[in-house]
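Report on one structure; see the data block that follows.
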Amino acid sequence: GSLNSYAEKVVVDEKDLFVVPPECDLVAAGGLPIAFGTSHVGLVHRAGLLSGQVLLVLGAAGGVGLSAVQIGKVCGATVIAVA
């Protein structure tokens with residue numbers, strides 16, 4: 001589960017973990033599920049973004065905005081990014 005995520009030590013199932021490559025900064029890696037998770041849920045699950053639609057991303061310079069741009073492109077949308 002996602003409980004105790006700020007604890008120094010936790011016990012979790014291996015399937016609930018992400019592998020971080022040695023060359024990747026742990027602080028940066030820690031933010032990826034937050035930024036991309038927020039964008040993915042908002043665009044795919046809530047808004048139902050489809051290929052061919054136009055996506056306007058305000059705040060495209062931040063973590064969630066940048067991930068929204070990337071997810072929008074993968075979904076086949078025409079992305080307009082504003083920073």
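Each chain in the structure tokens gets a letter, A, B and so on, in the order shown; residues start at 1 in every chain, and ligands are counted from 1 in the order they appear.
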Neighbours of range 43-45 of chain A within 9 Å (only C-alpha atoms; same-chain residues fewer than 2 positions away dropped), as a PyMOL selection string? chain A and resi 38-41+47-50+68+71-72+75
Resulting file, chosen residues, N, CA, C and O atoms, as a CSV table (one decimal), in the first residue's frame:
chain,number,residue,atom,x,y,z
A,38,THR,N,-0.5,12.3,-11.6
A,38,THR,CA,-1.5,13.4,-11.6
A,38,THR,C,-2.0,13.7,-13.0
A,38,THR,O,-3.2,13.7,-13.3
A,39,SER,N,-1.1,13.8,-13.9
A,39,SER,CA,-1.4,14.1,-15.3
A,39,SER,C,-2.2,12.9,-16.0
A,39,SER,O,-3.2,13.2,-16.7
A,40,HIS,N,-1.7,11.7,-15.7
A,40,HIS,CA,-2.4,10.6,-16.4
A,40,HIS,C,-3.8,10.4,-15.9
A,40,HIS,O,-4.7,10.2,-16.7
A,41,VAL,N,-4.0,10.5,-14.6
A,41,VAL,CA,-5.4,10.4,-14.1
A,41,VAL,C,-6.3,11.5,-14.6
A,41,VAL,O,-7.4,11.3,-15.1
A,47,ALA,N,-10.6,13.1,-18.0
A,47,ALA,CA,-11.0,13.8,-19.2
A,47,ALA,C,-11.3,13.0,-20.4
A,47,ALA,O,-11.9,13.4,-21.4
A,48,GLY,N,-10.7,11.7,-20.4
A,48,GLY,CA,-10.9,10.8,-21.6
A,48,GLY,C,-10.2,11.4,-22.8
A,48,GLY,O,-10.8,11.3,-23.9
A,49,LEU,N,-9.0,11.9,-22.7
A,49,LEU,CA,-8.3,12.5,-23.8
A,49,LEU,C,-8.1,11.4,-24.9
A,49,LEU,O,-7.7,10.3,-24.7
A,50,LEU,N,-8.5,11.8,-26.2
A,50,LEU,CA,-8.4,10.9,-27.3
A,50,LEU,C,-7.5,11.5,-28.4
A,50,LEU,O,-7.3,12.7,-28.5
A,68,ALA,N,2.1,16.4,-18.5
A,68,ALA,CA,0.8,16.5,-19.3
A,68,ALA,C,1.1,16.6,-20.7
A,68,ALA,O,0.4,16.0,-21.6
A,71,ILE,N,2.3,13.1,-22.0
A,71,ILE,CA,1.1,12.2,-22.0
A,71,ILE,C,0.2,12.5,-23.1
A,71,ILE,O,-0.3,11.7,-23.8
A,72,GLY,N,-0.1,13.8,-23.3
A,72,GLY,CA,-0.9,14.3,-24.4
A,72,GLY,C,-0.4,13.8,-25.8
A,72,GLY,O,-1.1,13.4,-26.6
A,75,CYS,N,-0.9,10.2,-26.3
A,75,CYS,CA,-2.3,9.9,-26.6
A,75,CYS,C,-2.7,10.3,-28.0
A,75,CYS,O,-3.8,10.0,-28.4
Taking the DSSP assignment computed from this structure's backbone, write out as a ChimeraX atom specification all residues of range 28-81 of chain A that belong to alpha helix (DSSP H). /A:28-40,63-74
Please, could you write that set of residues out with N, CA, C and O atoms as an mmCIF file, in the first residue's frame?
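Produced file again-v9.cif, reproduced below:
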data_model
loop_
_atom_site.group_PDB
_atom_site.id
_atom_site.type_symbol
_atom_site.label_atom_id
_atom_site.label_comp_id
_atom_site.auth_asym_id
_atom_site.auth_seq_id
_atom_site.Cartn_x
_atom_site.Cartn_y
_atom_site.Cartn_z
ATOM 1 N N ALA A 28 14.767 13.195 -7.797
ATOM 2 C CA ALA A 28 14.043 13.355 -9.066
ATOM 3 C C ALA A 28 13.143 12.150 -9.330
ATOM 4 O O ALA A 28 11.991 12.297 -9.751
ATOM 5 N N ALA A 29 13.663 10.953 -9.067
ATOM 6 C CA ALA A 29 12.873 9.743 -9.287
ATOM 7 C C ALA A 29 11.643 9.715 -8.390
ATOM 8 O O ALA A 29 10.586 9.227 -8.790
ATOM 9 N N GLY A 30 11.763 10.236 -7.190
ATOM 10 C CA GLY A 30 10.639 10.252 -6.261
ATOM 11 C C GLY A 30 9.483 11.105 -6.734
ATOM 12 O O GLY A 30 8.328 10.849 -6.397
ATOM 13 N N GLY A 31 9.757 12.119 -7.541
ATOM 14 C CA GLY A 31 8.704 12.997 -8.039
ATOM 15 C C GLY A 31 7.975 12.470 -9.259
ATOM 16 O O GLY A 31 6.870 12.923 -9.572
ATOM 17 N N LEU A 32 8.556 11.512 -9.966
ATOM 18 C CA LEU A 32 7.946 11.013 -11.210
ATOM 19 C C LEU A 32 6.542 10.434 -11.020
ATOM 20 O O LEU A 32 5.634 10.789 -11.765
ATOM 21 N N PRO A 33 6.328 9.565 -10.048
ATOM 22 C CA PRO A 33 4.969 9.011 -9.907
ATOM 23 C C PRO A 33 3.932 10.083 -9.550
ATOM 24 O O PRO A 33 2.767 9.965 -9.923
ATOM 25 N N ILE A 34 4.357 11.120 -8.851
ATOM 26 C CA ILE A 34 3.425 12.195 -8.478
ATOM 27 C C ILE A 34 3.036 12.997 -9.707
ATOM 28 O O ILE A 34 1.858 13.169 -10.016
ATOM 29 N N ALA A 35 4.027 13.502 -10.441
ATOM 30 C CA ALA A 35 3.745 14.337 -11.613
ATOM 31 C C ALA A 35 3.021 13.557 -12.704
ATOM 32 O O ALA A 35 1.980 13.982 -13.206
ATOM 33 N N PHE A 36 3.560 12.398 -13.072
ATOM 34 C CA PHE A 36 2.942 11.634 -14.154
ATOM 35 C C PHE A 36 1.625 11.004 -13.724
ATOM 36 O O PHE A 36 0.698 10.901 -14.512
ATOM 37 N N GLY A 37 1.537 10.595 -12.472
ATOM 38 C CA GLY A 37 0.273 10.041 -11.977
ATOM 39 C C GLY A 37 -0.839 11.070 -12.001
ATOM 40 O O GLY A 37 -1.963 10.784 -12.418
ATOM 41 N N THR A 38 -0.534 12.280 -11.571
ATOM 42 C CA THR A 38 -1.518 13.363 -11.583
ATOM 43 C C THR A 38 -1.989 13.654 -13.000
ATOM 44 O O THR A 38 -3.194 13.740 -13.264
ATOM 45 N N SER A 39 -1.054 13.788 -13.926
ATOM 46 C CA SER A 39 -1.408 14.087 -15.320
ATOM 47 C C SER A 39 -2.174 12.937 -15.965
ATOM 48 O O SER A 39 -3.158 13.154 -16.671
ATOM 49 N N HIS A 40 -1.731 11.726 -15.728
ATOM 50 C CA HIS A 40 -2.376 10.560 -16.352
ATOM 51 C C HIS A 40 -3.811 10.403 -15.874
ATOM 52 O O HIS A 40 -4.721 10.216 -16.684
ATOM 53 N N GLY A 63 6.523 20.353 -13.277
ATOM 54 C CA GLY A 63 6.544 18.895 -13.352
ATOM 55 C C GLY A 63 5.258 18.292 -13.884
ATOM 56 O O GLY A 63 5.275 17.466 -14.794
ATOM 57 N N VAL A 64 4.122 18.696 -13.334
ATOM 58 C CA VAL A 64 2.839 18.151 -13.787
ATOM 59 C C VAL A 64 2.533 18.636 -15.198
ATOM 60 O O VAL A 64 2.037 17.879 -16.034
ATOM 61 N N GLY A 65 2.852 19.886 -15.499
ATOM 62 C CA GLY A 65 2.618 20.418 -16.841
ATOM 63 C C GLY A 65 3.450 19.721 -17.899
ATOM 64 O O GLY A 65 2.954 19.370 -18.971
ATOM 65 N N LEU A 66 4.737 19.513 -17.606
ATOM 66 C CA LEU A 66 5.606 18.812 -18.559
ATOM 67 C C LEU A 66 5.134 17.384 -18.791
ATOM 68 O O LEU A 66 5.137 16.895 -19.919
ATOM 69 N N SER A 67 4.717 16.719 -17.719
ATOM 70 C CA SER A 67 4.220 15.352 -17.890
ATOM 71 C C SER A 67 2.908 15.352 -18.663
ATOM 72 O O SER A 67 2.651 14.443 -19.457
ATOM 73 N N ALA A 68 2.078 16.364 -18.490
ATOM 74 C CA ALA A 68 0.827 16.466 -19.257
ATOM 75 C C ALA A 68 1.114 16.616 -20.742
ATOM 76 O O ALA A 68 0.426 16.029 -21.583
ATOM 77 N N VAL A 69 2.131 17.396 -21.082
ATOM 78 C CA VAL A 69 2.524 17.556 -22.488
ATOM 79 C C VAL A 69 2.942 16.202 -23.064
ATOM 80 O O VAL A 69 2.502 15.804 -24.150
ATOM 81 N N GLN A 70 3.764 15.473 -22.339
ATOM 82 C CA GLN A 70 4.255 14.180 -22.823
ATOM 83 C C GLN A 70 3.119 13.160 -22.950
ATOM 84 O O GLN A 70 3.028 12.450 -23.952
ATOM 85 N N ILE A 71 2.258 13.106 -21.959
ATOM 86 C CA ILE A 71 1.131 12.163 -22.008
ATOM 87 C C ILE A 71 0.170 12.539 -23.131
ATOM 88 O O ILE A 71 -0.333 11.673 -23.845
ATOM 89 N N GLY A 72 -0.061 13.822 -23.314
ATOM 90 C CA GLY A 72 -0.924 14.275 -24.408
ATOM 91 C C GLY A 72 -0.393 13.844 -25.765
ATOM 92 O O GLY A 72 -1.149 13.383 -26.626
ATOM 93 N N LYS A 73 0.913 13.970 -25.965
ATOM 94 C CA LYS A 73 1.516 13.554 -27.234
ATOM 95 C C LYS A 73 1.382 12.043 -27.430
ATOM 96 O O LYS A 73 1.053 11.583 -28.517
ATOM 97 N N VAL A 74 1.630 11.272 -26.376
ATOM 98 C CA VAL A 74 1.519 9.815 -26.465
ATOM 99 C C VAL A 74 0.080 9.407 -26.797
ATOM 100 O O VAL A 74 -0.146 8.447 -27.518
#
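In this model, the gap between CA of Cys24 in chain A and CA of Ala77 in chain A comes to 29.2 Å.
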Backbone-only DSSP, strand (DSSP E or B) members of range 4-82 of chain A, as a ChimeraX atom specification: /A:54-58,78-82
Generate the output file for the selected residues, N, CA and C atoms, as a PDB file, in the first residue's frame.
ATOM      1  N   VAL A  54      -7.405  18.457 -29.181  1.00  0.00           N
ATOM      2  CA  VAL A  54      -6.425  19.497 -28.886  1.00  0.00           C
ATOM      3  C   VAL A  54      -6.350  19.643 -27.367  1.00  0.00           C
ATOM      4  N   LEU A  55      -5.141  19.626 -26.845  1.00  0.00           N
ATOM      5  CA  LEU A  55      -4.904  19.767 -25.412  1.00  0.00           C
ATOM      6  C   LEU A  55      -4.117  21.044 -25.165  1.00  0.00           C
ATOM      7  N   LEU A  56      -4.683  21.951 -24.369  1.00  0.00           N
ATOM      8  CA  LEU A  56      -3.992  23.169 -23.956  1.00  0.00           C
ATOM      9  C   LEU A  56      -3.475  22.939 -22.542  1.00  0.00           C
ATOM     10  N   VAL A  57      -2.156  23.019 -22.367  1.00  0.00           N
ATOM     11  CA  VAL A  57      -1.543  22.814 -21.060  1.00  0.00           C
ATOM     12  C   VAL A  57      -1.012  24.153 -20.562  1.00  0.00           C
ATOM     13  N   LEU A  58      -1.670  24.694 -19.552  1.00  0.00           N
ATOM     14  CA  LEU A  58      -1.175  25.909 -18.903  1.00  0.00           C
ATOM     15  C   LEU A  58      -0.201  25.484 -17.811  1.00  0.00           C
ATOM     16  N   THR A  78      -3.088  16.927 -30.231  1.00  0.00           N
ATOM     17  CA  THR A  78      -2.308  18.100 -30.619  1.00  0.00           C
ATOM     18  C   THR A  78      -2.131  18.917 -29.341  1.00  0.00           C
ATOM     19  N   VAL A  79      -0.900  19.104 -28.907  1.00  0.00           N
ATOM     20  CA  VAL A  79      -0.641  19.755 -27.615  1.00  0.00           C
ATOM     21  C   VAL A  79      -0.170  21.179 -27.825  1.00  0.00           C
ATOM     22  N   ILE A  80      -0.814  22.095 -27.133  1.00  0.00           N
ATOM     23  CA  ILE A  80      -0.379  23.494 -27.084  1.00  0.00           C
ATOM     24  C   ILE A  80       0.094  23.726 -25.663  1.00  0.00           C
ATOM     25  N   ALA A  81       1.381  24.032 -25.510  1.00  0.00           N
ATOM     26  CA  ALA A  81       1.980  24.208 -24.180  1.00  0.00           C
ATOM     27  C   ALA A  81       2.226  25.691 -23.909  1.00  0.00           C
ATOM     28  N   VAL A  82       1.799  26.161 -22.750  1.00  0.00           N
ATOM     29  CA  VAL A  82       1.973  27.550 -22.340  1.00  0.00           C
ATOM     30  C   VAL A  82       2.747  27.562 -21.031  1.00  0.00           C
TER      31      VAL A  82
END
Find the residue from A:Gly52, A:Gly62, A:Pro22, A:Gly42 that sits nearest to Gly76 in chain A; use only C-alpha atoms when measuring.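 Among A:Gly52, A:Gly62, A:Pro22, A:Gly42, it is A:Gly52 that comes nearest to Gly76 in chain A.
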Report, in Å to a single decimal, how far apart CA of Leu17 in chain A and CA of Ala61 in chain A are.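 One can read the CA of Ala61 in chain A to CA of Leu17 in chain A distance as 27.6 Å.
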Students should find that CA of Ala60 in chain A and CA of Pro21 in chain A are spaced 26.0 Å
